[in-house]
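Peer 1: Got a structure here, written out as structure tokens. Questions coming.
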Amino acid sequence: MNTTLTIGKLARAAGVGIETIRYYQQRELLPVPPSTGTYRYYPASSITRIRFIKRAQQLGFTLEEIAELLTLQDGSDRAQIRERAHAKIAGIAQKLMDLQRIHDVLHRLIDACEHTDTEHPCPIIEALEEPRVEEHVPE
């Protein structure tokens, strides 16, 4: 088995595009191998690294957070790894609360729209024209 890959073969093996690999290199998440003239040859371990990055993105980690996780990839500092995961959970919980608030506001606006006669402005449009939507939602 070939232990090095061109960028095209690496992209196919990792299931990403060539531009993704270049972007990860630009962000310093993936090292740039030295040029051998015409091609750069990537070690097969780059596949694992790219998959790690993609899986971390699927779990909601930003590229900055992934860079931090990559420094902890050997697994020796589990307290730091858990801290990063707990921070991600806290961020997700905040986003869920924000989404629930948006959901509730939209439901109230729809309800207000359904129960407002056409002589009055549409509560949805009216709320969107105001600086803070939550302040103008009828209860």
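Each chain of the structure tokens is named A, B, ... in the order shown, its residues numbered from 1; ligands are numbered from 1 in display order.
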So that I can see what lies close to range 66-76 of chain A, please list as a PyMOL selection string the residues with an atom at most 7 Å from it, counting only C-alpha atoms and leaving out residues fewer than 3 positions away in the same chain.
Peer 2: chain A and resi 29+53+56+61-63+81
Peer 1: With C-alpha atoms retained, write the just-selected residues as a PDB file, in the first residue's frame.
Peer 2:
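Saved as again-v5.pdb:
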ATOM      1  CA  LEU A  29      -5.196  22.507  10.813  1.00  0.00           C
ATOM      2  CA  ILE A  53     -11.761  17.692  11.703  1.00  0.00           C
ATOM      3  CA  ALA A  56     -15.620  17.634  15.120  1.00  0.00           C
ATOM      4  CA  PHE A  61     -16.982  22.633  17.024  1.00  0.00           C
ATOM      5  CA  THR A  62     -15.597  25.685  15.257  1.00  0.00           C
ATOM      6  CA  LEU A  63     -12.304  25.488  13.398  1.00  0.00           C
ATOM      7  CA  ILE A  81     -10.679  17.659  26.500  1.00  0.00           C
TER       8      ILE A  81
END
Peer 1: Could you tell me, as a ChimeraX atom specification, which residues of chain A DSSP assigns to helix (DSSP H, G or I) when given the backbone?
Peer 2: /A:7-14,18-26,45-58,63-71,78-114,123-129,133-136
Peer 1: How would the residues just picked look written out with C-alpha atoms as a compact mmCIF listing (two decimals), in the first residue's frame?
Peer 2:
# COMPACT_ATOMS: atom_id res chain seq x y z
CA ILE A 7 -3.79 15.96 -2.80
CA GLY A 8 -6.39 14.50 -5.16
CA LYS A 9 -6.05 10.99 -3.75
CA LEU A 10 -6.08 12.36 -0.21
CA ALA A 11 -9.27 14.31 -0.92
CA ARG A 12 -11.00 11.22 -2.32
CA ALA A 13 -9.82 8.99 0.53
CA ALA A 14 -10.97 11.51 3.18
CA ILE A 18 -9.24 19.54 -2.69
CA GLU A 19 -10.24 23.08 -1.72
CA THR A 20 -11.20 21.81 1.74
CA ILE A 21 -7.70 20.41 2.19
CA ARG A 22 -6.17 23.70 1.05
CA TYR A 23 -8.47 25.60 3.41
CA TYR A 24 -7.46 23.39 6.35
CA GLN A 25 -3.84 24.05 5.45
CA GLN A 26 -4.48 27.80 5.32
CA SER A 45 -2.22 9.78 8.51
CA SER A 46 -3.63 12.96 6.94
CA ILE A 47 -6.81 11.01 6.17
CA THR A 48 -7.38 10.42 9.88
CA ARG A 49 -6.69 14.06 10.68
CA ILE A 50 -9.16 15.32 8.05
CA ARG A 51 -11.82 12.90 9.27
CA PHE A 52 -11.20 14.10 12.83
CA ILE A 53 -11.76 17.69 11.70
CA LYS A 54 -14.94 16.81 9.80
CA ARG A 55 -16.40 14.80 12.71
CA ALA A 56 -15.62 17.63 15.12
CA GLN A 57 -17.37 20.08 12.77
CA GLN A 58 -20.41 17.79 12.67
CA LEU A 63 -12.30 25.49 13.40
CA GLU A 64 -10.67 27.44 16.24
CA GLU A 65 -11.98 24.91 18.76
CA ILE A 66 -10.84 22.07 16.51
CA ALA A 67 -7.34 23.56 16.42
CA GLU A 68 -7.34 23.40 20.22
CA LEU A 69 -8.60 19.81 20.18
CA LEU A 70 -5.88 18.85 17.73
CA THR A 71 -3.27 20.00 20.25
CA ARG A 78 -8.45 14.45 29.41
CA ALA A 79 -9.47 17.22 31.82
CA GLN A 80 -8.85 19.79 29.05
CA ILE A 81 -10.68 17.66 26.50
CA ARG A 82 -13.68 17.32 28.83
CA GLU A 83 -13.58 21.06 29.50
CA ARG A 84 -13.81 21.77 25.76
CA ALA A 85 -16.70 19.30 25.40
CA HIS A 86 -18.53 20.83 28.39
CA ALA A 87 -18.08 24.30 26.90
CA LYS A 88 -19.57 23.05 23.63
CA ILE A 89 -22.55 21.58 25.50
CA ALA A 90 -23.10 24.90 27.28
CA GLY A 91 -23.06 26.71 23.94
CA ILE A 92 -25.53 24.24 22.48
CA ALA A 93 -27.83 24.67 25.50
CA GLN A 94 -27.76 28.45 24.97
CA LYS A 95 -28.57 28.05 21.29
CA LEU A 96 -31.46 25.74 22.15
CA MET A 97 -32.86 28.34 24.55
CA ASP A 98 -32.49 31.02 21.88
CA LEU A 99 -34.22 28.82 19.30
CA GLN A 100 -37.05 28.09 21.74
CA ARG A 101 -37.47 31.83 22.35
CA ILE A 102 -37.59 32.48 18.59
CA HIS A 103 -40.07 29.62 18.19
CA ASP A 104 -42.33 31.06 20.91
CA VAL A 105 -42.17 34.60 19.50
CA LEU A 106 -43.07 33.38 16.01
CA HIS A 107 -45.98 31.35 17.34
CA ARG A 108 -47.31 34.37 19.22
CA LEU A 109 -46.93 36.53 16.12
CA ILE A 110 -48.75 34.00 13.96
CA ASP A 111 -51.53 33.74 16.52
CA ALA A 112 -51.79 37.54 16.70
CA CYS A 113 -51.90 37.73 12.89
CA GLU A 114 -54.71 35.17 12.75
CA PRO A 123 -48.53 41.93 13.66
CA ILE A 124 -45.78 39.90 11.99
CA ILE A 125 -44.80 42.71 9.60
CA GLU A 126 -45.24 45.31 12.31
CA ALA A 127 -42.98 43.40 14.71
CA LEU A 128 -40.30 42.97 12.04
CA GLU A 129 -40.28 46.72 11.43
CA VAL A 133 -39.37 41.98 17.92
CA GLU A 134 -40.00 40.57 21.43
CA GLU A 135 -41.14 43.97 22.72
CA HIS A 136 -43.94 44.24 20.16
Peer 1: Fewer than 3 positions away in the same chain doesn't count, so skip those; otherwise give me all residues within 7 Å of Tyr39 in chain A, counting only C-alpha atoms, as a short mmCIF file (atom, residue, chain, number, x, y, z; two decimals) with C-alpha atoms, in the first residue's frame.
Peer 2:
data_model
loop_
_atom_site.label_atom_id
_atom_site.label_comp_id
_atom_site.auth_asym_id
_atom_site.auth_seq_id
_atom_site.Cartn_x
_atom_site.Cartn_y
_atom_site.Cartn_z
CA THR A 6 -1.26 13.29 -3.78
CA SER A 35 7.12 20.01 -2.43
CA THR A 36 8.99 17.35 -4.37
#
